[in-house]
>>> print(open('coords-v6.txt').read())   # compact mmCIF, C-alpha atoms and all ligand atoms
# COMPACT_ATOMS: atom_id res chain seq x y z
CA MET Y 25 -36.60 31.55 -21.90
CA ALA Y 26 -35.96 29.54 -25.08
CA ARG Y 27 -32.59 30.10 -26.74
CA GLY Y 28 -32.50 31.76 -30.15
CA LYS Y 29 -32.07 29.63 -33.27
CA LEU Y 30 -29.33 29.87 -35.87
CA ILE Y 31 -30.77 29.87 -39.38
CA VAL Y 32 -28.55 30.00 -42.46
CA PHE Y 33 -29.35 30.61 -46.13
CA GLU Y 34 -27.06 29.19 -48.80
CA GLY Y 35 -27.04 28.94 -52.57
CA LEU Y 36 -25.46 30.19 -55.78
CA ASP Y 37 -25.11 33.89 -56.53
CA ARG Y 38 -28.60 35.28 -57.30
CA ALA Y 39 -30.42 32.25 -55.84
CA GLY Y 40 -32.65 34.62 -53.86
CA LYS Y 41 -30.95 34.41 -50.44
CA SER Y 42 -31.14 38.13 -49.56
CA THR Y 43 -34.78 38.28 -50.67
CA GLN Y 44 -35.72 35.27 -48.54
CA CYS Y 45 -33.64 36.40 -45.54
CA ALA Y 46 -35.50 39.72 -45.50
CA SER Y 47 -38.85 37.96 -45.82
CA LEU Y 48 -38.05 35.49 -43.01
CA VAL Y 49 -36.79 38.25 -40.69
CA SER Y 50 -40.07 40.16 -41.20
CA SER Y 51 -42.23 37.10 -40.66
CA LEU Y 52 -40.36 36.05 -37.49
CA GLN Y 53 -40.60 39.60 -36.13
CA ALA Y 54 -44.34 39.64 -36.90
CA ARG Y 55 -44.63 36.47 -34.78
CA GLY Y 56 -42.98 38.35 -31.88
CA HIS Y 57 -39.48 36.84 -32.17
CA ALA Y 58 -36.33 38.89 -31.65
CA VAL Y 59 -34.17 38.56 -34.79
CA ARG Y 60 -30.66 39.58 -35.84
CA HIS Y 61 -29.93 39.66 -39.55
CA GLN Y 62 -26.30 38.92 -40.42
CA ARG Y 63 -24.61 38.43 -43.77
CA PHE Y 64 -21.24 37.03 -44.80
CA PRO Y 65 -19.08 38.47 -46.06
CA ASP Y 66 -19.76 41.28 -43.59
CA ARG Y 67 -18.24 44.03 -45.72
CA THR Y 68 -18.45 46.65 -42.93
CA THR Y 69 -15.40 45.44 -40.96
CA PRO Y 70 -11.75 46.10 -41.95
CA ILE Y 71 -11.41 42.43 -43.01
CA GLY Y 72 -14.74 42.72 -44.85
CA GLN Y 73 -13.43 45.73 -46.76
CA MET Y 74 -10.43 43.69 -47.94
CA ILE Y 75 -12.84 40.97 -49.10
CA ASN Y 76 -14.99 43.55 -50.88
CA ALA Y 77 -11.95 44.94 -52.71
CA TYR Y 78 -11.10 41.39 -53.85
CA LEU Y 79 -14.64 40.54 -54.99
CA THR Y 80 -15.02 43.78 -56.94
CA GLY Y 81 -11.63 43.37 -58.65
CA ALA Y 82 -9.98 46.32 -56.87
CA SER Y 83 -7.31 44.05 -55.33
CA GLU Y 84 -5.75 40.60 -55.75
CA GLN Y 85 -5.27 37.98 -53.02
CA GLU Y 86 -3.59 34.57 -53.03
CA ASP Y 87 -6.30 31.81 -52.96
CA HIS Y 88 -5.47 30.54 -49.44
CA VAL Y 89 -5.21 34.08 -48.09
CA ILE Y 90 -8.67 35.15 -49.31
CA HIS Y 91 -10.09 31.89 -47.98
CA LEU Y 92 -8.70 32.63 -44.51
CA LEU Y 93 -9.93 36.25 -44.69
CA PHE Y 94 -13.50 35.00 -45.36
CA SER Y 95 -13.14 32.65 -42.39
CA ALA Y 96 -11.70 35.40 -40.15
CA ASN Y 97 -14.67 37.58 -41.13
CA ARG Y 98 -16.94 34.92 -39.54
CA TRP Y 99 -14.76 34.43 -36.47
CA GLU Y 100 -14.77 38.18 -35.75
CA VAL Y 101 -18.52 38.02 -34.99
CA ALA Y 102 -18.85 34.38 -33.87
CA SER Y 103 -18.87 35.18 -30.15
CA SER Y 104 -21.53 37.88 -30.58
CA ILE Y 105 -23.71 35.42 -32.53
CA LYS Y 106 -23.40 32.91 -29.66
CA ALA Y 107 -24.20 35.62 -27.10
CA ASP Y 108 -27.33 36.68 -29.02
CA ILE Y 109 -28.54 33.08 -29.29
CA GLU Y 110 -28.02 32.52 -25.57
CA ALA Y 111 -30.01 35.74 -24.93
CA GLY Y 112 -32.98 34.41 -26.94
CA VAL Y 113 -32.30 36.29 -30.17
CA ASN Y 114 -32.72 34.34 -33.43
CA VAL Y 115 -29.90 34.87 -35.91
CA VAL Y 116 -30.66 34.68 -39.64
CA ILE Y 117 -27.47 34.50 -41.75
CA ASP Y 118 -27.14 35.16 -45.49
CA ARG Y 119 -24.24 32.77 -46.44
CA TYR Y 120 -21.99 31.01 -43.93
CA TYR Y 121 -19.00 28.68 -43.92
CA TYR Y 122 -20.56 26.36 -46.54
CA SER Y 123 -20.07 29.17 -49.09
CA GLY Y 124 -16.59 29.61 -47.65
CA CYS Y 125 -15.72 25.99 -48.41
CA VAL Y 126 -17.33 25.54 -51.81
CA TYR Y 127 -16.25 28.80 -53.47
CA SER Y 128 -12.63 28.21 -52.45
CA ALA Y 129 -12.67 24.52 -53.44
CA ALA Y 130 -14.23 25.43 -56.82
CA LYS Y 131 -11.04 27.22 -57.87
CA ASP Y 132 -8.42 25.61 -60.12
CA ASN Y 133 -6.11 25.12 -57.16
CA PRO Y 134 -5.42 21.48 -56.22
CA SER Y 135 -4.19 22.42 -52.72
CA LEU Y 136 -7.60 23.91 -51.86
CA SER Y 137 -9.78 20.86 -51.21
CA LEU Y 138 -13.15 20.94 -49.47
CA ALA Y 139 -11.56 19.24 -46.43
CA TRP Y 140 -8.73 21.81 -46.26
CA ALA Y 141 -11.16 24.67 -46.66
CA ARG Y 142 -13.41 23.42 -43.87
CA GLN Y 143 -10.73 23.25 -41.17
CA PRO Y 144 -10.66 26.94 -40.11
CA GLU Y 145 -14.45 26.80 -39.70
CA GLU Y 146 -14.33 24.09 -36.99
CA GLY Y 147 -15.65 25.50 -33.74
CA LEU Y 148 -17.99 28.08 -35.27
CA PRO Y 149 -21.62 27.93 -34.07
CA ARG Y 150 -23.39 25.17 -36.03
CA PRO Y 151 -26.73 26.18 -37.57
CA ASP Y 152 -30.00 24.64 -36.41
CA VAL Y 153 -31.13 24.66 -40.02
CA VAL Y 154 -29.52 25.51 -43.36
CA ILE Y 155 -31.91 26.50 -46.12
CA PHE Y 156 -30.32 25.71 -49.48
CA LEU Y 157 -32.04 27.64 -52.27
CA ASP Y 158 -31.40 25.47 -55.30
CA ILE Y 159 -31.29 27.11 -58.70
CA SER Y 160 -29.46 26.32 -61.94
CA PRO Y 161 -26.60 28.65 -62.91
CA GLU Y 162 -28.52 29.41 -66.13
CA ALA Y 163 -31.64 30.57 -64.26
CA ALA Y 164 -29.57 32.57 -61.74
CA ALA Y 165 -27.75 34.34 -64.59
CA GLN Y 166 -31.10 35.65 -65.89
CA ARG Y 167 -31.70 37.52 -62.62
CA GLY Y 168 -30.95 41.20 -61.93
CA GLY Y 169 -27.40 42.34 -61.17
CA TYR Y 170 -25.64 39.08 -62.17
CA GLY Y 171 -22.07 39.28 -63.44
CA ALA Y 172 -20.68 42.22 -61.49
CA GLU Y 173 -18.45 40.28 -59.05
CA LYS Y 174 -15.48 37.91 -59.16
CA TYR Y 175 -17.27 34.54 -59.05
CA GLU Y 176 -20.34 35.41 -61.13
CA ASN Y 177 -19.50 33.36 -64.22
CA ALA Y 178 -20.98 30.12 -65.58
CA ARG Y 179 -17.94 27.85 -65.00
CA MET Y 180 -17.47 28.88 -61.37
CA GLN Y 181 -21.20 28.71 -60.57
CA GLN Y 182 -21.50 25.20 -62.06
CA ARG Y 183 -18.59 23.94 -59.94
CA VAL Y 184 -19.99 25.70 -56.88
CA ARG Y 185 -23.34 23.97 -57.44
CA GLU Y 186 -21.65 20.54 -57.65
CA LEU Y 187 -19.57 21.21 -54.53
CA PHE Y 188 -22.63 22.41 -52.60
CA LYS Y 189 -24.12 19.00 -53.44
CA SER Y 190 -21.05 17.27 -51.98
CA MET Y 191 -21.16 19.54 -48.92
CA ARG Y 192 -24.83 18.68 -48.38
CA GLU Y 193 -23.82 15.02 -48.15
CA LEU Y 194 -20.78 15.54 -45.90
CA GLY Y 195 -20.62 14.11 -42.35
CA GLU Y 196 -23.24 15.24 -39.87
CA GLU Y 197 -23.97 18.37 -41.89
CA LYS Y 198 -26.38 16.56 -44.16
CA GLU Y 199 -28.89 16.53 -41.27
CA ASP Y 200 -28.89 20.34 -41.18
CA PHE Y 201 -29.83 21.03 -44.81
CA VAL Y 202 -33.30 21.63 -46.21
CA THR Y 203 -33.25 22.08 -50.00
CA ILE Y 204 -35.89 24.35 -51.50
CA ASP Y 205 -36.42 25.11 -55.19
CA GLY Y 206 -35.21 28.72 -55.49
CA GLY Y 207 -36.51 28.92 -59.06
CA GLU Y 208 -40.14 29.06 -57.89
CA GLU Y 209 -41.93 32.37 -57.42
CA GLN Y 210 -40.89 34.36 -54.33
CA GLU Y 211 -44.06 33.80 -52.27
CA LYS Y 212 -43.96 30.05 -52.81
CA VAL Y 213 -40.28 29.93 -51.78
CA ALA Y 214 -41.06 32.06 -48.70
CA ALA Y 215 -43.84 29.70 -47.60
CA ALA Y 216 -41.52 26.68 -47.90
CA VAL Y 217 -38.79 28.53 -45.98
CA GLU Y 218 -41.16 29.48 -43.18
CA ALA Y 219 -42.40 25.88 -42.83
CA ALA Y 220 -38.82 24.55 -42.63
CA VAL Y 221 -37.81 27.17 -40.07
CA LEU Y 222 -40.85 26.60 -37.86
CA GLU Y 223 -40.10 22.86 -37.93
CA ALA Y 224 -36.55 23.63 -36.73
CA PHE Y 225 -37.91 25.89 -33.95
CA GLY Y 226 -40.18 23.06 -32.76
CA ARG Y 227 -37.38 20.48 -32.88
CA VAL Y 228 -34.94 22.66 -30.89
CA ASP Y 229 -37.48 23.83 -28.31
CA GLN Y 230 -39.17 20.45 -27.74
CA GLY Y 231 -35.82 18.70 -27.33
CA SER Y 232 -34.24 21.63 -25.41
CA LEU Y 233 -31.35 21.16 -27.83
CA PRO Y 234 -28.20 23.19 -27.11
CA LEU Y 235 -26.42 25.27 -29.73
CA ARG Y 236 -23.72 23.02 -31.23
CA ALA Y 237 -20.32 23.81 -32.71
CA VAL Y 238 -19.00 22.78 -36.13
CA LYS Y 239 -17.04 19.56 -35.52
CA PRO Y 240 -14.01 18.20 -37.36
CA LEU Y 241 -14.94 15.73 -40.12
CA GLN Y 242 -14.84 12.08 -38.89
N1 LIG P 1 -38.03 33.61 -56.52
C1 LIG P 1 -37.59 34.59 -57.34
N2 LIG P 1 -38.01 34.66 -58.60
C2 LIG P 1 -37.55 35.63 -59.45
N3 LIG P 1 -36.65 36.58 -59.09
C3 LIG P 1 -36.18 36.55 -57.84
C4 LIG P 1 -36.62 35.56 -56.89
N4 LIG P 1 -35.98 35.78 -55.72
C5 LIG P 1 -35.19 36.85 -55.92
N5 LIG P 1 -35.31 37.33 -57.18
C6 LIG P 1 -34.59 38.46 -57.80
O1 LIG P 1 -33.31 37.95 -58.18
C7 LIG P 1 -32.28 38.91 -57.89
C8 LIG P 1 -31.29 38.31 -56.89
O2 LIG P 1 -31.98 38.09 -55.66
P1 LIG P 1 -31.22 38.15 -54.28
O3 LIG P 1 -30.40 39.41 -54.18
O4 LIG P 1 -32.20 37.87 -53.21
O5 LIG P 1 -30.22 36.90 -54.46
P2 LIG P 1 -28.94 36.49 -53.61
O6 LIG P 1 -28.93 35.01 -53.59
O7 LIG P 1 -28.92 37.18 -52.30
O8 LIG P 1 -27.78 37.03 -54.55
P3 LIG P 1 -26.20 37.22 -54.25
O9 LIG P 1 -25.70 36.00 -53.56
O10 LIG P 1 -25.62 37.34 -55.62
O11 LIG P 1 -26.07 38.47 -53.41
C9 LIG P 1 -32.99 40.15 -57.37
O12 LIG P 1 -33.21 41.01 -58.47
C10 LIG P 1 -34.32 39.61 -56.85
O13 LIG P 1 -35.36 40.56 -56.88
C1 LIG P 2 -19.26 33.99 -47.33
C2 LIG P 2 -18.40 33.70 -48.53
C3 LIG P 2 -18.76 34.16 -49.78
N1 LIG P 2 -17.99 33.91 -50.84
C4 LIG P 2 -18.38 34.44 -52.17
C5 LIG P 2 -19.75 34.08 -52.63
C6 LIG P 2 -20.19 35.26 -53.45
O1 LIG P 2 -19.72 35.09 -54.79
C7 LIG P 2 -19.46 36.43 -52.80
C8 LIG P 2 -20.33 37.20 -51.84
O2 LIG P 2 -21.39 37.73 -52.52
P1 LIG P 2 -22.73 38.27 -51.77
O3 LIG P 2 -23.49 38.92 -52.90
O4 LIG P 2 -22.28 39.28 -50.75
O5 LIG P 2 -23.42 37.10 -51.19
O6 LIG P 2 -18.37 35.86 -52.08
C9 LIG P 2 -16.80 33.20 -50.70
O7 LIG P 2 -16.07 32.97 -51.69
N2 LIG P 2 -16.44 32.75 -49.47
C10 LIG P 2 -17.20 32.98 -48.37
O8 LIG P 2 -16.83 32.55 -47.22
>>> encode(input="coords-v6.txt", output="structure tokens")
Amino acid sequence: MARGKLIVFEGLDRAGKSTQCASLVSSLQARGHAVRHQRFPDRTTPIGQMINAYLTGASEQEDHVIHLLFSANRWEVASSIKADIEAGVNVVIDRYYYSGCVYSAAKDNPSLSLAWARQPEEGLPRPDVVIFLDISPEAAAQRGGYGAEKYENARMQQRVRELFKSMRELGEEKEDFVTIDGGEEQEKVAAAVEAAVLEAFGRVDQGSLPLRAVKPLQ
């Protein structure tokens, strides 16, 4: 039995991640694949509820503390993600530790660098492919529901976009990213996503590649 694949979607707020995750889950299921759909933050857990209160403005958190809560929210399900992948289930994740690093590093806090932010993520399961849905902050702001949460403002989103670019060029991680224009119409984005994911399936299965862990930066 082939192992499951770990597929991650990343991008700015309103880039279309949830839309494309749902579409990919349906298309993989239609091809007969078992799929788990996960999102971060997972707001259903006690830690996730603290994150939700912060994002919606109901509570305050010190910058390092909220960063570590986002990371803990991933670690609390990391072993179940690994178990599913070993059991042949594909895991599609809406945001992962890349968001964790760039949103924290985008703050006006000099002690929160990208390198500092990445450390608690070392050891998490490393994705087989990361789909980055690229969109300008201006185009994202035109989309439905924008502006309701903590980081949905032009200054933050511009810095996040720049830091995502740095993250996509960092260490071994640059091999994992596929950048797709998220500003195109939904069906065109979905076709590009499906092609990138099927390529990753072929690469992992043909090479019998094991699931890797996120390594420290060299
Ligand atoms: N390719 C697209 N073209 C136009 N509108 C889109 C496209 N993809 C998604 N949308 C719309 O944009 C809005 C945001 O989409 P979606 O919730 O998928 O984004 P997201 O990246 O998951 O957002 P967030 O990170 O803020 O939760 C929704 O109203 C959705 O219907
Ligand atoms: C995983 C993660 C997310 N964030 C930020 C990014 C977004 O602004 C919100 C989550 O919004 P969504 O609509 O639920 O995608 O949180 C972060 O700062 N750190 C993280 O680790």
>>> atom_distance(input="coords-v6.txt", atom1="CA of Phe188 (chain Y)", atom2="CA of Tyr127 (chain Y)")
9.1 Å
>>> closest_residue(input="coords-v6.txt", among="Y:Phe94, Y:Phe156, Y:Tyr78, Y:Tyr122", to="Arg142 (chain Y)", atoms="all atoms listed in the file")
Y:Tyr122
>>> residues_near_ligand(input="coords-v6.txt", ligand="ligand LIG 1 (chain P)", cutoff="9 Å", atoms="only C-alpha atoms and all ligand atoms", output="ChimeraX atom specification")
/Y:33-46,118-119,157,164,166-171,173,176,205-214
>>> write_last_selection(input="coords-v6.txt", atoms="C-alpha atoms", output="tab-separated table (two decimals), in the frame of the given file")
chain	number	residue	atom	x	y	z
Y	33	PHE	CA	-29.35	30.61	-46.13
Y	34	GLU	CA	-27.06	29.19	-48.80
Y	35	GLY	CA	-27.04	28.94	-52.57
Y	36	LEU	CA	-25.46	30.19	-55.78
Y	37	ASP	CA	-25.11	33.89	-56.53
Y	38	ARG	CA	-28.60	35.28	-57.30
Y	39	ALA	CA	-30.42	32.25	-55.84
Y	40	GLY	CA	-32.65	34.62	-53.86
Y	41	LYS	CA	-30.95	34.41	-50.44
Y	42	SER	CA	-31.14	38.13	-49.56
Y	43	THR	CA	-34.78	38.28	-50.67
Y	44	GLN	CA	-35.72	35.27	-48.54
Y	45	CYS	CA	-33.64	36.40	-45.54
Y	46	ALA	CA	-35.50	39.72	-45.50
Y	118	ASP	CA	-27.14	35.16	-45.49
Y	119	ARG	CA	-24.24	32.77	-46.44
Y	157	LEU	CA	-32.04	27.64	-52.27
Y	164	ALA	CA	-29.57	32.57	-61.74
Y	166	GLN	CA	-31.10	35.65	-65.89
Y	167	ARG	CA	-31.70	37.52	-62.62
Y	168	GLY	CA	-30.95	41.20	-61.93
Y	169	GLY	CA	-27.40	42.34	-61.17
Y	170	TYR	CA	-25.64	39.08	-62.17
Y	171	GLY	CA	-22.07	39.28	-63.44
Y	173	GLU	CA	-18.45	40.28	-59.05
Y	176	GLU	CA	-20.34	35.41	-61.13
Y	205	ASP	CA	-36.42	25.11	-55.19
Y	206	GLY	CA	-35.21	28.72	-55.49
Y	207	GLY	CA	-36.51	28.92	-59.06
Y	208	GLU	CA	-40.14	29.06	-57.89
Y	209	GLU	CA	-41.93	32.37	-57.42
Y	210	GLN	CA	-40.89	34.36	-54.33
Y	211	GLU	CA	-44.06	33.80	-52.27
Y	212	LYS	CA	-43.96	30.05	-52.81
Y	213	VAL	CA	-40.28	29.93	-51.78
Y	214	ALA	CA	-41.06	32.06	-48.70
>>> residues_around(input="coords-v6.txt", residues="Ala82 (chain Y)", least_positions_apart="5", cutoff="12 Å", atoms="only C-alpha atoms", output="JSON, numbers by chain")
{"Y": [73, 74, 75, 76, 77, 173, 174]}
>>> write_last_selection(input="coords-v6.txt", atoms="C-alpha atoms", output="compact mmCIF listing (two decimals), in the frame of the given file")
# COMPACT_ATOMS: atom_id res chain seq x y z
CA GLN Y 73 -13.43 45.73 -46.76
CA MET Y 74 -10.43 43.69 -47.94
CA ILE Y 75 -12.84 40.97 -49.10
CA ASN Y 76 -14.99 43.55 -50.88
CA ALA Y 77 -11.95 44.94 -52.71
CA GLU Y 173 -18.45 40.28 -59.05
CA LYS Y 174 -15.48 37.91 -59.16
>>> residues_around(input="coords-v6.txt", residues="region 84-88 of chain Y", least_positions_apart="3", cutoff="10 Å", atoms="only C-alpha atoms", output="tab-separated table (two decimals) with C-alpha atoms, keeping the file's coordinate frame")
chain	number	residue	atom	x	y	z
Y	74	MET	CA	-10.43	43.69	-47.94
Y	75	ILE	CA	-12.84	40.97	-49.10
Y	77	ALA	CA	-11.95	44.94	-52.71
Y	78	TYR	CA	-11.10	41.39	-53.85
Y	79	LEU	CA	-14.64	40.54	-54.99
Y	80	THR	CA	-15.02	43.78	-56.94
Y	81	GLY	CA	-11.63	43.37	-58.65
Y	91	HIS	CA	-10.09	31.89	-47.98
Y	92	LEU	CA	-8.70	32.63	-44.51
Y	93	LEU	CA	-9.93	36.25	-44.69
Y	128	SER	CA	-12.63	28.21	-52.45
Y	129	ALA	CA	-12.67	24.52	-53.44
Y	131	LYS	CA	-11.04	27.22	-57.87
Y	132	ASP	CA	-8.42	25.61	-60.12
Y	133	ASN	CA	-6.11	25.12	-57.16
Y	135	SER	CA	-4.19	22.42	-52.72
Y	136	LEU	CA	-7.60	23.91	-51.86
Y	140	TRP	CA	-8.73	21.81	-46.26
Y	141	ALA	CA	-11.16	24.67	-46.66
>>> closest_residue(input="coords-v6.txt", among="Y:Gly124, Y:Pro149, Y:Pro240, Y:Gly28", to="ligand LIG 2 (chain P)", atoms="only C-alpha atoms and all ligand atoms")
Y:Gly124
>>> axis_aligned_box(input="coords-v6.txt", around="region 82-101 of chain Y", padding_each_side="4 Å", output="JSON")
{"center_x": -11.1, "center_y": 38.4, "center_z": -45.9, "size_x": 22.9, "size_y": 23.8, "size_z": 29.9}
>>> atom_distance(input="coords-v6.txt", atom1="CA of Gln182 (chain Y)", atom2="CA of Ile204 (chain Y)")
17.9 Å
>>> closest_residue(input="coords-v6.txt", among="Y:Val153, Y:Met191, Y:Val184, Y:Ala219", to="ligand LIG 2 (chain P)", atoms="only C-alpha atoms and all ligand atoms")
Y:Val184
>>> residues_near_point(input="coords-v6.txt", point="(-41.4, 26.0, -35.5)", cutoff="12 Å", atoms="only C-alpha atoms", output="MDAnalysis selection string")
chainID Y and resid 28:29 31 52 55 57 152:153 217:230
>>> atom_distance(input="coords-v6.txt", atom1="CA of Pro144 (chain Y)", atom2="CA of Lys239 (chain Y)")
10.8 Å
>>> closest_residue(input="coords-v6.txt", among="Y:Ala139, Y:Ile155, Y:Leu235, Y:Ala178", to="Asp108 (chain Y)", atoms="all atoms listed in the file")
Y:Leu235
>>> closest_residue(input="coords-v6.txt", among="Y:Ala215, Y:Ala26, Y:Val113, Y:Ala172", to="ligand LIG 2 (chain P)", atoms="all atoms listed in the file")
Y:Ala172
>>> closest_residue(input="coords-v6.txt", among="Y:Val154, Y:Val202, Y:Cys125, Y:Leu194", to="ligand LIG 2 (chain P)", atoms="only C-alpha atoms and all ligand atoms")
Y:Cys125
>>> residues_near_point(input="coords-v6.txt", point="(-21.0, 36.2, -39.0)", cutoff="8 Å", atoms="all atoms listed in the file", output="list in words")
Gln62, Arg63, Phe64, Pro65, Asp66, Asn97, Arg98, Trp99, Glu100, Val101, Ala102, Ile105, Ile117 and Tyr120 of chain Y
>>> decode(input="coords-v6.txt", residues="region 135-150 of chain Y", atoms="N, CA and C atoms", output="PDB file, in the first residue's frame")
ATOM      1  N   SER Y 135      12.461  41.001  17.899  1.00  0.00           N
ATOM      2  CA  SER Y 135      12.927  39.716  18.446  1.00  0.00           C
ATOM      3  C   SER Y 135      12.152  38.540  17.856  1.00  0.00           C
ATOM      4  N   LEU Y 136      11.309  38.806  16.855  1.00  0.00           N
ATOM      5  CA  LEU Y 136      10.539  37.725  16.211  1.00  0.00           C
ATOM      6  C   LEU Y 136      10.968  37.582  14.748  1.00  0.00           C
ATOM      7  N   SER Y 137      12.165  37.051  14.535  1.00  0.00           N
ATOM      8  CA  SER Y 137      12.663  36.870  13.166  1.00  0.00           C
ATOM      9  C   SER Y 137      12.066  35.588  12.570  1.00  0.00           C
ATOM     10  N   LEU Y 138      12.229  35.464  11.258  1.00  0.00           N
ATOM     11  CA  LEU Y 138      11.772  34.233  10.583  1.00  0.00           C
ATOM     12  C   LEU Y 138      12.498  33.009  11.160  1.00  0.00           C
ATOM     13  N   ALA Y 139      13.796  33.153  11.421  1.00  0.00           N
ATOM     14  CA  ALA Y 139      14.577  32.020  11.949  1.00  0.00           C
ATOM     15  C   ALA Y 139      14.100  31.636  13.351  1.00  0.00           C
ATOM     16  N   TRP Y 140      13.812  32.647  14.197  1.00  0.00           N
ATOM     17  CA  TRP Y 140      13.311  32.346  15.547  1.00  0.00           C
ATOM     18  C   TRP Y 140      11.953  31.645  15.442  1.00  0.00           C
ATOM     19  N   ALA Y 141      11.123  32.188  14.580  1.00  0.00           N
ATOM     20  CA  ALA Y 141       9.750  31.676  14.471  1.00  0.00           C
ATOM     21  C   ALA Y 141       9.713  30.242  13.960  1.00  0.00           C
ATOM     22  N   ARG Y 142      10.729  29.860  13.183  1.00  0.00           N
ATOM     23  CA  ARG Y 142      10.705  28.531  12.563  1.00  0.00           C
ATOM     24  C   ARG Y 142      11.124  27.419  13.532  1.00  0.00           C
ATOM     25  N   GLN Y 143      11.863  27.803  14.583  1.00  0.00           N
ATOM     26  CA  GLN Y 143      12.438  26.760  15.453  1.00  0.00           C
ATOM     27  C   GLN Y 143      11.427  25.788  16.074  1.00  0.00           C
ATOM     28  N   PRO Y 144      10.310  26.270  16.632  1.00  0.00           N
ATOM     29  CA  PRO Y 144       9.375  25.313  17.250  1.00  0.00           C
ATOM     30  C   PRO Y 144       8.707  24.367  16.246  1.00  0.00           C
ATOM     31  N   GLU Y 145       8.870  24.675  14.953  1.00  0.00           N
ATOM     32  CA  GLU Y 145       8.228  23.854  13.908  1.00  0.00           C
ATOM     33  C   GLU Y 145       9.123  22.692  13.478  1.00  0.00           C
ATOM     34  N   GLU Y 146      10.405  22.725  13.900  1.00  0.00           N
ATOM     35  CA  GLU Y 146      11.334  21.656  13.499  1.00  0.00           C
ATOM     36  C   GLU Y 146      10.847  20.331  14.059  1.00  0.00           C
ATOM     37  N   GLY Y 147      10.795  19.333  13.184  1.00  0.00           N
ATOM     38  CA  GLY Y 147      10.327  18.007  13.597  1.00  0.00           C
ATOM     39  C   GLY Y 147       8.907  17.695  13.154  1.00  0.00           C
ATOM     40  N   LEU Y 148       8.155  18.732  12.770  1.00  0.00           N
ATOM     41  CA  LEU Y 148       6.800  18.472  12.238  1.00  0.00           C
ATOM     42  C   LEU Y 148       6.921  17.688  10.927  1.00  0.00           C
ATOM     43  N   PRO Y 149       5.860  16.951  10.535  1.00  0.00           N
ATOM     44  CA  PRO Y 149       5.895  16.306   9.215  1.00  0.00           C
ATOM     45  C   PRO Y 149       6.089  17.345   8.114  1.00  0.00           C
ATOM     46  N   ARG Y 150       7.033  17.063   7.190  1.00  0.00           N
ATOM     47  CA  ARG Y 150       7.310  18.012   6.097  1.00  0.00           C
ATOM     48  C   ARG Y 150       6.415  17.681   4.905  1.00  0.00           C
TER      49      ARG Y 150
END
